[in-house]
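K.L.:
So here's start_28.txt (compact mmCIF, C-alpha atoms and all ligand atoms).
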# COMPACT_ATOMS: atom_id res chain seq x y z
CA MET A 1 -17.63 -11.92 37.45
CA LYS A 2 -16.20 -10.89 34.10
CA ILE A 3 -12.43 -10.49 34.51
CA LEU A 4 -9.76 -9.25 32.12
CA ILE A 5 -6.19 -10.38 32.94
CA THR A 6 -3.31 -8.88 30.99
CA GLY A 7 -0.05 -10.77 30.68
CA ALA A 8 -1.94 -14.05 31.09
CA SER A 9 0.39 -16.19 28.97
CA SER A 10 3.00 -16.86 31.68
CA GLY A 11 4.07 -16.40 35.28
CA ILE A 12 1.79 -14.53 37.65
CA GLY A 13 -0.88 -13.75 35.05
CA GLU A 14 -1.14 -17.38 33.95
CA GLU A 15 -1.40 -18.59 37.55
CA LEU A 16 -3.93 -15.89 38.48
CA SER A 17 -6.05 -17.01 35.52
CA ARG A 18 -6.07 -20.52 37.01
CA ARG A 19 -7.13 -19.14 40.41
CA TYR A 20 -10.08 -17.30 38.85
CA ALA A 21 -11.21 -20.21 36.66
CA ASN A 22 -14.49 -21.24 38.31
CA ALA A 23 -18.11 -21.60 37.28
CA ASP A 24 -18.97 -17.99 38.19
CA ASN A 25 -16.24 -16.30 36.19
CA GLU A 26 -15.93 -15.23 32.57
CA LEU A 27 -12.24 -14.84 31.85
CA ILE A 28 -10.64 -12.71 29.16
CA LEU A 29 -6.95 -13.55 28.82
CA LEU A 30 -4.66 -11.07 27.07
CA ALA A 31 -1.05 -11.37 25.84
CA ARG A 32 0.99 -11.62 22.62
CA ARG A 33 1.78 -15.35 22.52
CA GLU A 34 -1.30 -16.88 20.93
CA GLN A 35 -0.32 -20.54 21.40
CA LYS A 36 0.29 -20.12 25.11
CA LEU A 37 -3.05 -18.36 25.52
CA GLN A 38 -4.86 -21.07 23.55
CA LYS A 39 -3.27 -23.81 25.66
CA LEU A 40 -4.34 -22.05 28.84
CA GLN A 41 -7.80 -21.45 27.40
CA SER A 42 -8.22 -25.21 26.73
CA GLU A 43 -7.02 -26.01 30.24
CA LEU A 44 -9.40 -23.55 31.92
CA LEU A 45 -12.52 -23.94 29.76
CA PRO A 46 -13.86 -26.95 31.73
CA HIS A 47 -13.64 -24.96 34.97
CA ALA A 48 -14.72 -21.43 34.06
CA LYS A 49 -18.04 -20.04 32.83
CA SER A 50 -16.21 -18.87 29.70
CA VAL A 51 -12.66 -18.18 28.57
CA THR A 52 -11.81 -15.90 25.66
CA THR A 53 -8.45 -14.61 24.53
CA ILE A 54 -7.16 -11.33 23.16
CA VAL A 55 -3.89 -11.58 21.25
CA VAL A 56 -2.37 -8.13 21.18
CA ASP A 57 0.87 -6.32 21.87
CA VAL A 58 -0.10 -3.82 24.57
CA THR A 59 2.25 -1.26 23.05
CA ASP A 60 0.02 -1.15 19.96
CA PHE A 61 -2.25 1.30 21.76
CA ALA A 62 -4.72 1.80 18.88
CA LEU A 63 -5.33 -1.94 18.47
CA LEU A 64 -5.39 -2.45 22.23
CA GLN A 65 -8.03 0.24 22.67
CA SER A 66 -10.16 -1.14 19.85
CA LYS A 67 -10.09 -4.55 21.60
CA MET A 68 -11.06 -2.87 24.88
CA ARG A 69 -14.07 -1.20 23.23
CA GLU A 70 -15.43 -4.66 22.36
CA ILE A 71 -15.62 -5.60 26.07
CA GLN A 72 -18.88 -4.88 27.90
CA ASN A 73 -19.95 -5.29 31.54
CA LEU A 74 -16.47 -5.97 32.89
CA ASP A 75 -16.21 -6.38 36.67
CA MET A 76 -12.44 -6.43 37.14
CA VAL A 77 -9.26 -5.75 35.20
CA ILE A 78 -5.94 -7.11 36.44
CA LEU A 79 -3.19 -4.97 34.89
CA ASN A 80 -0.37 -7.47 35.10
CA ALA A 81 1.52 -7.35 31.76
CA GLY A 82 5.03 -6.11 32.42
CA ILE A 83 8.67 -6.43 31.41
CA SER A 84 12.06 -5.75 32.92
CA LEU A 85 15.33 -4.96 31.18
CA GLY A 86 17.26 -7.45 33.29
CA HIS A 87 19.94 -6.49 35.77
CA SER A 88 23.01 -5.99 33.57
CA GLY A 89 23.59 -2.52 34.95
CA ASN A 90 24.41 -1.23 31.45
CA ILE A 91 23.02 2.14 30.44
CA ALA A 92 19.59 1.45 28.94
CA THR A 93 19.10 2.49 25.32
CA ILE A 94 16.38 5.07 24.82
CA GLU A 95 14.46 2.48 22.73
CA ASP A 96 14.48 -0.05 25.60
CA PHE A 97 13.56 2.64 28.13
CA LYS A 98 10.61 3.72 25.99
CA ARG A 99 9.47 0.14 25.34
CA LEU A 100 9.51 -0.61 29.06
CA TYR A 101 7.45 2.48 29.87
CA ASP A 102 5.03 1.68 27.03
CA VAL A 103 4.39 -1.78 28.53
CA ASN A 104 4.65 -1.10 32.26
CA VAL A 105 2.98 2.30 32.42
CA LEU A 106 1.31 3.68 29.29
CA SER A 107 -0.49 0.51 28.19
CA ASN A 108 -2.36 0.54 31.49
CA HIS A 109 -3.67 4.00 30.77
CA ALA A 110 -4.52 2.98 27.20
CA ILE A 111 -6.72 0.25 28.72
CA LEU A 112 -8.23 2.44 31.43
CA GLU A 113 -8.95 5.32 29.08
CA VAL A 114 -11.53 2.97 27.56
CA LEU A 115 -12.62 1.04 30.66
CA LEU A 116 -12.96 3.87 33.19
CA PRO A 117 -16.00 5.45 31.49
CA GLN A 118 -17.61 1.98 31.44
CA PHE A 119 -16.86 1.40 35.13
CA LYS A 120 -18.17 4.90 35.91
CA ALA A 121 -21.40 4.27 34.02
CA GLN A 122 -22.02 0.96 35.79
CA LYS A 123 -20.92 2.51 39.14
CA SER A 124 -18.64 -0.43 39.89
CA GLY A 125 -15.39 -2.03 38.81
CA LYS A 126 -12.14 -3.26 40.31
CA ILE A 127 -8.79 -2.19 38.94
CA VAL A 128 -5.82 -4.26 40.09
CA PHE A 129 -2.33 -2.92 39.43
CA ILE A 130 0.62 -5.30 39.65
CA SER A 131 3.40 -2.99 40.76
CA SER A 132 6.51 -4.22 42.60
CA LEU A 133 8.54 -3.83 45.80
CA ALA A 134 11.15 -2.48 43.36
CA SER A 135 8.98 0.65 43.17
CA LEU A 136 9.94 1.47 46.76
CA ILE A 137 13.70 1.26 46.35
CA SER A 138 15.79 1.84 43.25
CA MET A 139 18.67 -0.59 42.88
CA PRO A 140 21.60 0.58 40.69
CA THR A 141 20.93 -2.30 38.25
CA SER A 142 17.17 -1.88 37.85
CA LYS A 143 16.51 1.83 37.89
CA VAL A 144 14.38 1.96 34.72
CA TYR A 145 12.12 -0.85 35.95
CA SER A 146 11.92 0.65 39.45
CA SER A 147 11.03 4.07 38.09
CA SER A 148 8.25 2.62 35.90
CA LYS A 149 6.67 0.84 38.87
CA ARG A 150 6.99 3.97 41.01
CA ALA A 151 5.16 5.87 38.28
CA LEU A 152 2.51 3.16 38.35
CA ASN A 153 2.06 3.62 42.12
CA ALA A 154 1.48 7.34 41.68
CA TYR A 155 -0.97 6.72 38.84
CA ALA A 156 -2.86 4.03 40.81
CA GLU A 157 -3.12 6.33 43.82
CA GLY A 158 -4.57 9.14 41.71
CA ILE A 159 -7.10 6.81 40.07
CA ARG A 160 -8.16 5.57 43.50
CA TYR A 161 -8.84 9.08 44.82
CA LYS A 162 -10.52 10.29 41.66
CA TYR A 163 -12.95 7.41 41.14
CA LYS A 164 -13.78 6.32 44.70
CA LYS A 165 -17.10 8.14 44.60
CA ASP A 166 -17.97 6.26 41.39
CA GLY A 167 -17.83 2.90 43.15
CA ILE A 168 -14.52 1.97 41.49
CA LYS A 169 -12.04 0.09 43.68
CA VAL A 170 -8.30 0.25 43.14
CA ILE A 171 -5.99 -2.44 44.45
CA ASN A 172 -2.23 -1.97 44.18
CA ILE A 173 -0.06 -5.06 44.69
CA LEU A 174 3.70 -4.78 45.28
CA PRO A 175 5.24 -8.26 45.12
CA GLY A 176 8.83 -9.15 45.94
CA PHE A 177 10.54 -11.88 43.90
CA ILE A 178 8.23 -14.56 42.47
CA LYS A 179 9.40 -17.36 40.18
CA SER A 180 8.42 -16.57 36.56
CA GLU A 181 9.94 -16.15 33.11
CA MET A 182 10.95 -12.66 34.25
CA THR A 183 12.86 -13.78 37.34
CA ASP A 184 14.25 -16.92 35.62
CA LYS A 185 16.54 -14.46 33.76
CA ASN A 186 18.03 -13.15 37.03
CA HIS A 187 21.41 -14.66 37.80
CA PHE A 188 21.76 -13.46 41.37
CA HIS A 189 20.40 -14.45 44.74
CA MET A 190 16.79 -13.27 45.00
CA PRO A 191 15.94 -12.81 48.68
CA PHE A 192 12.61 -14.27 49.86
CA LEU A 193 11.88 -15.74 46.39
CA LEU A 194 8.39 -17.29 46.32
CA SER A 195 7.13 -20.03 44.03
CA THR A 196 4.70 -18.89 41.33
CA GLN A 197 1.85 -20.65 43.16
CA GLU A 198 2.64 -19.17 46.58
CA GLY A 199 3.21 -15.65 45.22
CA THR A 200 0.05 -15.75 43.14
CA GLN A 201 -2.03 -17.12 46.02
CA ARG A 202 -1.01 -14.10 48.09
CA ILE A 203 -1.96 -11.76 45.26
CA TYR A 204 -5.29 -13.55 44.84
CA ASP A 205 -6.05 -13.31 48.58
CA ALA A 206 -5.20 -9.58 48.61
CA ILE A 207 -7.52 -8.96 45.66
CA GLU A 208 -10.33 -10.92 47.27
CA LYS A 209 -9.88 -8.94 50.51
CA GLU A 210 -9.87 -5.74 48.40
CA LYS A 211 -6.65 -4.54 50.03
CA ARG A 212 -5.90 -1.08 48.65
CA PHE A 213 -2.16 -1.62 49.03
CA TYR A 214 -0.44 -4.95 49.54
CA ALA A 215 3.35 -5.23 49.67
CA PHE A 216 4.87 -8.65 50.34
CA PRO A 217 6.71 -10.70 51.59
CA LEU A 218 6.40 -8.68 54.78
CA ARG A 219 10.02 -9.15 55.93
CA PHE A 220 11.35 -7.93 52.58
CA TYR A 221 8.97 -4.96 52.66
CA LEU A 222 10.08 -4.03 56.17
CA ILE A 223 13.77 -4.21 55.19
CA ILE A 224 13.08 -1.81 52.33
CA ARG A 225 11.13 0.52 54.64
CA LEU A 226 14.08 0.43 57.05
CA LEU A 227 16.61 1.18 54.27
CA ASN A 228 14.47 4.13 53.18
CA ALA A 229 14.30 5.43 56.74
CA LEU A 230 18.11 5.46 57.17
CA PRO A 231 20.15 8.60 56.57
CA ASN A 232 21.06 8.82 52.86
CA PHE A 233 24.79 8.25 53.32
CA LEU A 234 24.09 4.98 55.14
CA SER A 235 21.48 3.58 52.75
CA GLU A 236 23.72 4.50 49.79
CA LYS A 237 26.58 2.57 51.38
CA ILE A 238 24.42 -0.52 51.97
CA ILE A 239 22.82 -0.45 48.52
CA ASN A 240 26.15 -0.01 46.75
CA LEU A 241 27.53 -3.05 48.61
CA LYS A 242 25.07 -5.06 46.49
CA LYS A 243 26.17 -3.48 43.17
N1 LIG A 301 8.06 -12.15 39.14
C1 LIG A 301 8.38 -11.23 40.02
O1 LIG A 301 9.27 -11.43 40.88
C2 LIG A 301 7.66 -9.92 40.03
C3 LIG A 301 7.81 -9.09 41.15
C4 LIG A 301 7.15 -7.88 41.19
C5 LIG A 301 6.32 -7.52 40.15
N2 LIG A 301 6.19 -8.34 39.07
C6 LIG A 301 5.29 -7.91 37.99
O2 LIG A 301 4.37 -8.95 37.73
C7 LIG A 301 3.91 -8.85 36.38
C8 LIG A 301 3.98 -10.22 35.73
O3 LIG A 301 5.33 -10.60 35.62
P1 LIG A 301 5.84 -12.11 35.70
O4 LIG A 301 6.86 -12.17 36.74
O5 LIG A 301 4.69 -13.04 35.73
O6 LIG A 301 6.62 -12.19 34.30
P2 LIG A 301 6.40 -13.02 32.98
O7 LIG A 301 6.23 -14.47 33.26
O8 LIG A 301 7.50 -12.60 32.08
O9 LIG A 301 4.99 -12.49 32.43
C9 LIG A 301 4.85 -11.25 31.78
C10 LIG A 301 3.53 -11.26 31.02
O10 LIG A 301 3.38 -9.99 30.38
C11 LIG A 301 3.07 -10.19 29.03
N3 LIG A 301 3.61 -9.12 28.19
C12 LIG A 301 4.88 -8.62 28.19
N4 LIG A 301 5.01 -7.71 27.23
C13 LIG A 301 3.80 -7.62 26.59
C14 LIG A 301 3.33 -6.87 25.51
N5 LIG A 301 4.11 -5.99 24.86
N6 LIG A 301 2.05 -7.04 25.13
C15 LIG A 301 1.24 -7.92 25.77
N7 LIG A 301 1.63 -8.64 26.82
C16 LIG A 301 2.91 -8.51 27.22
C17 LIG A 301 3.71 -11.51 28.67
O11 LIG A 301 3.01 -12.12 27.58
P3 LIG A 301 3.55 -12.26 26.08
O12 LIG A 301 5.05 -12.37 26.13
O13 LIG A 301 2.88 -13.51 25.59
O14 LIG A 301 3.06 -11.04 25.39
C18 LIG A 301 3.48 -12.32 29.93
O15 LIG A 301 2.23 -12.93 29.90
C19 LIG A 301 4.79 -7.79 35.73
O16 LIG A 301 4.10 -6.56 35.69
C20 LIG A 301 5.98 -7.69 36.66
O17 LIG A 301 6.61 -6.43 36.59
C21 LIG A 301 6.84 -9.52 38.99
So, in terms of structure tokens, how does the structure I just supplied come out?
P.N.:
Amino acid sequence: MKILITGASSGIGEELSRRYANADNELILLARREQKLQKLQSELLPHAKSVTTIVVDVTDFALLQSKMREIQNLDMVILNAGISLGHSGNIATIEDFKRLYDVNVLSNHAILEVLLPQFKAQKSGKIVFISSLASLISMPTSKVYSSSKRALNAYAEGIRYKYKKDGIKVINILPGFIKSEMTDKNHFHMPFLLSTQEGTQRIYDAIEKEKRFYAFPLRFYLIIRLLNALPNFLSEKIINLKK
């Protein structure tokens, strides 16, 4: 399989790259930090069929799309690159809000605008979105991030319906807390926190089983479902206790 993984220089993307490094797979690893990508490339080259890197800021849409046009015969894209603004609770600046949406939402469309016609032509292709449990509930301190992942869910759902008949499969993954550079910045108790390896293994298994929607850990997902099912006044009270 030829697989493109965005955000491959750290955390979930880096670990997923390791999972997919075997003799059958040609890996394309994408991120901004060239040295980290090169180090990972050297580590994975002995195990994978091939490993190439793309050093690009995904918010540079023109450059990103020109890099995408160079890729042929791709089997799967894992849209993993993402950022958060932390959990300070301060009002986000419009610049930060825009940057977050550029990375978490728009860059994925910049990639798919190029790849979807290719997938359509070859009548196959897997698109994996890395969303978040945060898309299902908006905490007072992470509303911009939550809203971006909720937008991603809606977009992923639409892509799934639209391109099903073209043989394109859409997999949407909603992880809870997983140890990474992103969560290392959180200075609060993260319920059900998983190690990078454990979290990534679950994502890998869900992709391999072609689950259309996979939200985990299950207990955390069920708590969120329960909170959402409560009358508004009650869920507001509970959520604001955590502020
Ligand atoms: N960790 C969690 O608990 C958790 C939970 C739910 C969902 N997620 C999602 O999982 C994904 C991976 O996050 P992570 O936890 O593994 O965090 P991470 O370690 O911070 O990794 C983020 C990755 O995205 C890349 N990236 C960020 N901005 C970029 C840009 N402008 N251009 C290109 N690449 C960019 C980073 O690479 P460079 O800095 O080298 O560019 C890095 O490889 C994100 O979409 C995140 O929202 C994480």
K.L.:
Measure the distance from CA of Tyr145 (chain A) to CA of Pro231 (chain A) in Å and round it to one decimal.
P.N.:
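Computing it gives 24.1 Å between the two atoms.
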K.L.:
Produce a table with one row for each residue of chain A that has an atom at most 7 Å from any atom of ligand LIG 301 (chain A), each row naming the nearest atom pair and its distance in Å at one decimal; use all atoms listed in the file; arrange rows by chain and rising residue number; format as a tab-separated table.
P.N.:
residue	atom	partner	partner_atom	distance
A:Thr6	CA	A:LIG301	N7	6.5
A:Gly7	CA	A:LIG301	O15	3.2
A:Ala8	CA	A:LIG301	O15	4.5
A:Ser9	CA	A:LIG301	O15	3.9
A:Ser10	CA	A:LIG301	O7	4.3
A:Gly11	CA	A:LIG301	O5	3.4
A:Ile12	CA	A:LIG301	O5	3.8
A:Gly13	CA	A:LIG301	O5	5.7
A:Glu14	CA	A:LIG301	O15	6.9
A:Leu30	CA	A:LIG301	N7	6.7
A:Ala31	CA	A:LIG301	N7	3.9
A:Arg32	CA	A:LIG301	O14	3.5
A:Arg33	CA	A:LIG301	O13	3.7
A:Val56	CA	A:LIG301	C15	5.8
A:Asp57	CA	A:LIG301	N6	3.5
A:Val58	CA	A:LIG301	N6	3.9
A:Thr59	CA	A:LIG301	N5	5.4
A:Asn80	CA	A:LIG301	O16	4.6
A:Ala81	CA	A:LIG301	O10	3.5
A:Gly82	CA	A:LIG301	O16	3.4
A:Ile83	CA	A:LIG301	C12	5.4
A:Ser84	CA	A:LIG301	O17	6.6
A:Val103	CA	A:LIG301	N5	5.6
A:Asn104	CA	A:LIG301	O16	6.5
A:Ile130	CA	A:LIG301	O16	5.4
A:Ser131	CA	A:LIG301	C5	5.4
A:Ser132	CA	A:LIG301	C4	4.0
A:Leu133	CA	A:LIG301	C4	6.3
A:Leu174	CA	A:LIG301	C4	6.2
A:Pro175	CA	A:LIG301	C4	4.4
A:Gly176	CA	A:LIG301	C3	4.9
A:Phe177	CA	A:LIG301	O1	3.3
A:Ile178	CA	A:LIG301	O1	3.7
A:Lys179	CA	A:LIG301	N1	5.5
A:Ser180	CA	A:LIG301	O7	4.5
A:Glu181	CA	A:LIG301	O7	4.1
A:Met182	CA	A:LIG301	O8	4.1
A:Thr183	CA	A:LIG301	N1	5.4
K.L.:
Residues within 10 Å of Asn25 (chain A), please, as an MDAnalysis selection string. Count all atoms listed in the file; anything in the same chain fewer than 5 positions from it doesn't count.
P.N.:
chainID A and resid 1:3 20 47:51 75
K.L.:
So the first atom is CA of Arg69 (chain A) and the second is CA of Ser124 (chain A); what is the distance between them in Å, to one decimal place?
P.N.:
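Atom-to-atom, CA of Arg69 (chain A) and CA of Ser124 (chain A) are spaced 17.3 Å apart.
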K.L.:
Mind checking which residues fall within 10 Å of region 205-211 of chain A, counting only C-alpha atoms, ignoring those fewer than 4 positions away in the same chain, and posting them as a list in words?
P.N.:
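Answer for this query is Ile78, Lys126, Ile127, Val128, Lys169, Val170, Ile171, Asn172, Ile173, Thr200, Gln201 and Ala215 of chain A.
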